[in-house]
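In what follows, a structure is listed as structure tokens, so that the remarks can point back to it.
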Amino acid sequence: MSVQERKQRERAERERLIVATARELAEQQGWDAVTTRKLAERIEYSQPVLYSHFRGKREIIGAVALEGATEMAAAMRDATSGADGPRERVAALARAYLDFAERNPAVYDALFQLDGGLAYAQEDTPEPLKDAFAALLECLSEVAGDGVRPELFTETFWASLHGLATLTRAGRLPPEDAERRTELLVDRLAML
């Protein structure tokens with residue numbers, strides 16, 4: 001291995017450490033607790049080293065979001081792959097999405113609530129974000145209905161899932177009805 005290759009590998013490892021540490025800190029204490037000072041202390045590098053990887057917290061949030069999008073897409077695909085029939089696939093998709101949001105609140109915030117400097121629904125949208133939407137679309141396109149663009153239906157269904165995830169996390173919806181809400185979404189919006 002050349003010196004250049006070793007340096008590139010070490011740089012990539014430092015970057016992964018920064019992102020993992022930011023994610024861990026955000027999950028434990030919230031995004032307000034994620035500062036370059038705290039990150040530098042936790043990973044035992046100086047703040048200038050952090051800035052050599054990321055220009056600031058916004059880019060770190062973006063990196064966490066991209067990592068989270070990849071994980072979310074995999075979770076949704078895993079959940080739907082074993083389901084039989086359209087209703088079961090859509091229900092599995094909805095549960096996987098809501099479960100991901102519940103288990104990874106800081107990552108979910110990085111994806112959908114915070115400014116990570118990422119473009120959504122545009123030409124320059126990063127591939128992990130496109131792939132997460134594609135994971136939704138793959139399942140939902142088969143139930144969009146006649147005369148409805150699958151992308152539009154997917155956006156609407158996704159918005160409903162996001163609303164449920166956000167309102168549930170904020171304690172605005174009674175937890176005992178969570179499963180019934182998911183069933184209503186699947187049965188009525190997807191008309192299954």
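So you can find residues: chains in the structure tokens are A, B, ... in the order shown, residues in each start at 1, and ligands are numbered from 1 in order.
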*Near range 65-82 of chain A, counting only C-alpha atoms, which residues have an atom at most 8 Å away, once you skip same-chain residues fewer than 3 positions from it, shown as a list in words?*
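Contacts, with the query itself left out: Ile61, Gly62, Glu88, Arg89, Val90, Ala92, Leu93, Ala96, Tyr97, Phe100, Val107, Tyr108, Ala110, Leu111, Gly116, Pro126, Pro128, Leu129, Asp131, Ala132, Phe133, Ala135, Leu136 and Cys139 of chain A.
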_Residues near Val19 in chain A, cut-off 12 Å, only C-alpha atoms, skip fewer than 2 positions along chain, as a PyMOL selection string_ = chain A and resi 12-17+21-26+34+36+39-40+42-43+50+53-54+56-68+107+110
I need the residues from that last selection saved to file as a tab-separated table (two decimals), in the first residue's frame (with N, CA, C and O atoms), if you can.
chain	number	residue	atom	x	y	z
A	12	ALA	N	-10.51	8.58	5.60
A	12	ALA	CA	-11.86	8.01	5.54
A	12	ALA	C	-12.26	7.45	6.91
A	12	ALA	O	-13.41	7.61	7.34
A	13	GLU	N	-11.33	6.83	7.60
A	13	GLU	CA	-11.62	6.30	8.94
A	13	GLU	C	-11.93	7.43	9.93
A	13	GLU	O	-12.85	7.31	10.74
A	14	ARG	N	-11.17	8.52	9.85
A	14	ARG	CA	-11.44	9.68	10.73
A	14	ARG	C	-12.82	10.26	10.44
A	14	ARG	O	-13.56	10.61	11.34
A	15	GLU	N	-13.15	10.35	9.16
A	15	GLU	CA	-14.45	10.88	8.77
A	15	GLU	C	-15.58	10.00	9.30
A	15	GLU	O	-16.57	10.50	9.84
A	16	ARG	N	-15.42	8.68	9.18
A	16	ARG	CA	-16.44	7.76	9.73
A	16	ARG	C	-16.55	7.92	11.24
A	16	ARG	O	-17.65	7.88	11.80
A	17	LEU	N	-15.42	8.11	11.92
A	17	LEU	CA	-15.42	8.30	13.37
A	17	LEU	C	-16.15	9.59	13.74
A	17	LEU	O	-16.93	9.60	14.70
A	21	THR	N	-19.56	9.46	15.87
A	21	THR	CA	-19.56	10.13	17.17
A	21	THR	C	-20.63	11.21	17.22
A	21	THR	O	-21.34	11.35	18.23
A	22	ALA	N	-20.79	11.96	16.15
A	22	ALA	CA	-21.85	12.98	16.10
A	22	ALA	C	-23.22	12.32	16.22
A	22	ALA	O	-24.09	12.80	16.96
A	23	ARG	N	-23.39	11.25	15.54
A	23	ARG	CA	-24.67	10.52	15.58
A	23	ARG	C	-24.94	10.00	16.99
A	23	ARG	O	-26.04	10.16	17.51
A	24	GLU	N	-23.95	9.40	17.60
A	24	GLU	CA	-24.10	8.87	18.95
A	24	GLU	C	-24.43	9.99	19.95
A	24	GLU	O	-25.35	9.85	20.77
A	25	LEU	N	-23.72	11.09	19.85
A	25	LEU	CA	-23.95	12.22	20.75
A	25	LEU	C	-25.35	12.80	20.53
A	25	LEU	O	-26.07	13.11	21.48
A	26	ALA	N	-25.76	12.92	19.27
A	26	ALA	CA	-27.09	13.45	18.97
A	26	ALA	C	-28.18	12.52	19.47
A	26	ALA	O	-29.21	12.98	19.98
A	34	VAL	N	-24.31	18.58	19.93
A	34	VAL	CA	-23.24	18.27	18.96
A	34	VAL	C	-22.54	19.56	18.57
A	34	VAL	O	-23.07	20.38	17.83
A	36	THR	N	-18.44	21.17	17.60
A	36	THR	CA	-17.10	20.73	17.18
A	36	THR	C	-16.19	20.53	18.39
A	36	THR	O	-15.35	19.63	18.39
A	39	LEU	N	-17.17	17.13	19.87
A	39	LEU	CA	-16.72	16.07	18.96
A	39	LEU	C	-15.21	15.90	19.03
A	39	LEU	O	-14.71	14.77	19.08
A	40	ALA	N	-14.49	16.99	19.02
A	40	ALA	CA	-13.03	16.93	19.09
A	40	ALA	C	-12.58	16.23	20.37
A	40	ALA	O	-11.67	15.40	20.35
A	42	ARG	N	-14.31	14.05	22.18
A	42	ARG	CA	-14.69	12.63	22.16
A	42	ARG	C	-13.83	11.79	21.23
A	42	ARG	O	-13.57	10.63	21.52
A	43	ILE	N	-13.45	12.33	20.09
A	43	ILE	CA	-12.67	11.52	19.15
A	43	ILE	C	-11.17	11.73	19.34
A	43	ILE	O	-10.37	11.08	18.68
A	50	LEU	N	-11.26	18.28	12.58
A	50	LEU	CA	-12.68	18.16	12.22
A	50	LEU	C	-12.99	19.06	11.03
A	50	LEU	O	-13.68	18.65	10.10
A	53	HIS	N	-12.30	17.95	7.57
A	53	HIS	CA	-13.25	16.99	7.01
A	53	HIS	C	-14.60	17.62	6.69
A	53	HIS	O	-15.22	17.31	5.68
A	54	PHE	N	-15.07	18.46	7.59
A	54	PHE	CA	-16.38	19.10	7.48
A	54	PHE	C	-16.25	20.58	7.79
A	54	PHE	O	-15.57	20.94	8.75
A	56	GLY	N	-18.42	22.40	9.03
A	56	GLY	CA	-19.15	22.74	10.24
A	56	GLY	C	-20.23	21.72	10.53
A	56	GLY	O	-20.35	20.68	9.86
A	57	LYS	N	-21.03	22.04	11.51
A	57	LYS	CA	-22.08	21.13	11.97
A	57	LYS	C	-23.07	20.80	10.85
A	57	LYS	O	-23.54	19.66	10.75
A	58	ARG	N	-23.38	21.76	10.01
A	58	ARG	CA	-24.33	21.53	8.92
A	58	ARG	C	-23.88	20.36	8.04
A	58	ARG	O	-24.69	19.50	7.68
A	59	GLU	N	-22.62	20.33	7.68
A	59	GLU	CA	-22.11	19.23	6.84
A	59	GLU	C	-22.09	17.91	7.59
A	59	GLU	O	-22.30	16.85	7.00
A	60	ILE	N	-21.86	17.96	8.89
A	60	ILE	CA	-21.90	16.74	9.70
A	60	ILE	C	-23.33	16.20	9.73
A	60	ILE	O	-23.55	15.00	9.57
A	61	ILE	N	-24.29	17.08	9.91
A	61	ILE	CA	-25.70	16.67	9.87
A	61	ILE	C	-26.01	16.03	8.52
A	61	ILE	O	-26.68	15.00	8.44
A	62	GLY	N	-25.52	16.64	7.45
A	62	GLY	CA	-25.73	16.08	6.11
A	62	GLY	C	-25.13	14.69	5.97
A	62	GLY	O	-25.75	13.80	5.38
A	63	ALA	N	-23.95	14.49	6.52
A	63	ALA	CA	-23.31	13.17	6.45
A	63	ALA	C	-24.10	12.13	7.23
A	63	ALA	O	-24.28	10.99	6.78
A	64	VAL	N	-24.62	12.52	8.39
A	64	VAL	CA	-25.46	11.61	9.18
A	64	VAL	C	-26.74	11.30	8.40
A	64	VAL	O	-27.20	10.15	8.37
A	65	ALA	N	-27.31	12.30	7.75
A	65	ALA	CA	-28.53	12.10	6.97
A	65	ALA	C	-28.29	11.10	5.83
A	65	ALA	O	-29.13	10.22	5.59
A	66	LEU	N	-27.19	11.23	5.14
A	66	LEU	CA	-26.90	10.32	4.03
A	66	LEU	C	-26.72	8.89	4.53
A	66	LEU	O	-27.22	7.94	3.91
A	67	GLU	N	-26.03	8.74	5.64
A	67	GLU	CA	-25.86	7.42	6.23
A	67	GLU	C	-27.22	6.86	6.65
A	67	GLU	O	-27.53	5.70	6.43
A	68	GLY	N	-28.03	7.72	7.26
A	68	GLY	CA	-29.36	7.30	7.69
A	68	GLY	C	-30.26	6.93	6.53
A	68	GLY	O	-31.05	5.98	6.62
A	107	VAL	N	-31.13	10.68	13.79
A	107	VAL	CA	-30.91	10.44	12.36
A	107	VAL	C	-32.12	10.90	11.57
A	107	VAL	O	-31.99	11.55	10.53
A	110	ALA	N	-31.97	14.53	11.29
A	110	ALA	CA	-30.96	14.92	10.30
A	110	ALA	C	-31.50	14.76	8.88
A	110	ALA	O	-31.25	15.59	8.01
Give me, as a Markdown table, the closest atom pair and its distance (Å, one decimal) for every residue of range 58-145 of chain A within a cut-off of 7 Å of range 151-161 of chain A, counting only C-alpha atoms, rows sorted by chain and rising number.
| residue | atom | partner | partner_atom | distance |
| --- | --- | --- | --- | --- |
| A:Ala94 | CA | A:Leu161 | CA | 6.9 |
| A:Leu98 | CA | A:Leu161 | CA | 7.0 |
| A:Leu136 | CA | A:Thr154 | CA | 6.6 |
| A:Leu137 | CA | A:Thr154 | CA | 5.8 |
| A:Leu140 | CA | A:Thr154 | CA | 6.0 |
| A:Ala144 | CA | A:Phe153 | CA | 5.6 |
*If we count only C-alpha atoms, what is near Thr166 in chain A at a cut-off of 10 Å, once residues fewer than 6 positions away on the same chain are taken out, given as a PyMOL selection string?*
chain A and resi 98+101-102+105+108-109+112-113+160+172-173
I need the chosen residues saved as an mmCIF file, in the first residue's frame, with N, CA, C and O atoms.
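Result went into again-v4.cif, see below:
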data_model
loop_
_atom_site.group_PDB
_atom_site.id
_atom_site.type_symbol
_atom_site.label_atom_id
_atom_site.label_comp_id
_atom_site.auth_asym_id
_atom_site.auth_seq_id
_atom_site.Cartn_x
_atom_site.Cartn_y
_atom_site.Cartn_z
ATOM 1 N N LEU A 98 -41.881 3.863 10.231
ATOM 2 C CA LEU A 98 -42.196 4.416 11.550
ATOM 3 C C LEU A 98 -41.269 3.860 12.623
ATOM 4 O O LEU A 98 -40.856 4.590 13.540
ATOM 5 N N ALA A 101 -37.931 5.678 12.338
ATOM 6 C CA ALA A 101 -38.036 7.027 12.912
ATOM 7 C C ALA A 101 -38.009 6.977 14.434
ATOM 8 O O ALA A 101 -37.373 7.820 15.077
ATOM 9 N N GLU A 102 -38.675 5.994 15.012
ATOM 10 C CA GLU A 102 -38.724 5.872 16.470
ATOM 11 C C GLU A 102 -37.379 5.446 17.065
ATOM 12 O O GLU A 102 -36.947 5.970 18.084
ATOM 13 N N PRO A 105 -34.140 8.696 16.370
ATOM 14 C CA PRO A 105 -34.704 10.049 16.294
ATOM 15 C C PRO A 105 -33.720 11.113 15.799
ATOM 16 O O PRO A 105 -34.114 11.994 15.028
ATOM 17 N N TYR A 108 -33.303 10.604 12.078
ATOM 18 C CA TYR A 108 -34.527 11.041 11.414
ATOM 19 C C TYR A 108 -34.576 12.565 11.329
ATOM 20 O O TYR A 108 -34.935 13.127 10.300
ATOM 21 N N ASP A 109 -34.190 13.224 12.406
ATOM 22 C CA ASP A 109 -34.129 14.691 12.382
ATOM 23 C C ASP A 109 -33.117 15.180 11.353
ATOM 24 O O ASP A 109 -33.374 16.150 10.640
ATOM 25 N N PHE A 112 -34.834 14.768 7.915
ATOM 26 C CA PHE A 112 -36.058 15.460 7.538
ATOM 27 C C PHE A 112 -36.386 16.743 8.294
ATOM 28 O O PHE A 112 -37.328 17.423 7.925
ATOM 29 N N GLN A 113 -35.640 17.054 9.330
ATOM 30 C CA GLN A 113 -35.976 18.236 10.117
ATOM 31 C C GLN A 113 -34.890 19.310 10.084
ATOM 32 O O GLN A 113 -35.197 20.491 10.151
ATOM 33 N N SER A 160 -47.656 11.427 4.782
ATOM 34 C CA SER A 160 -48.499 10.893 5.854
ATOM 35 C C SER A 160 -47.665 10.143 6.884
ATOM 36 O O SER A 160 -47.859 10.305 8.095
ATOM 37 N N ARG A 172 -47.999 14.093 20.491
ATOM 38 C CA ARG A 172 -49.255 14.721 20.080
ATOM 39 C C ARG A 172 -50.347 13.707 19.737
ATOM 40 O O ARG A 172 -51.487 14.070 19.546
ATOM 41 N N LEU A 173 -49.973 12.439 19.620
ATOM 42 C CA LEU A 173 -50.932 11.393 19.298
ATOM 43 C C LEU A 173 -50.892 10.329 20.397
ATOM 44 O O LEU A 173 -49.805 9.959 20.850
#
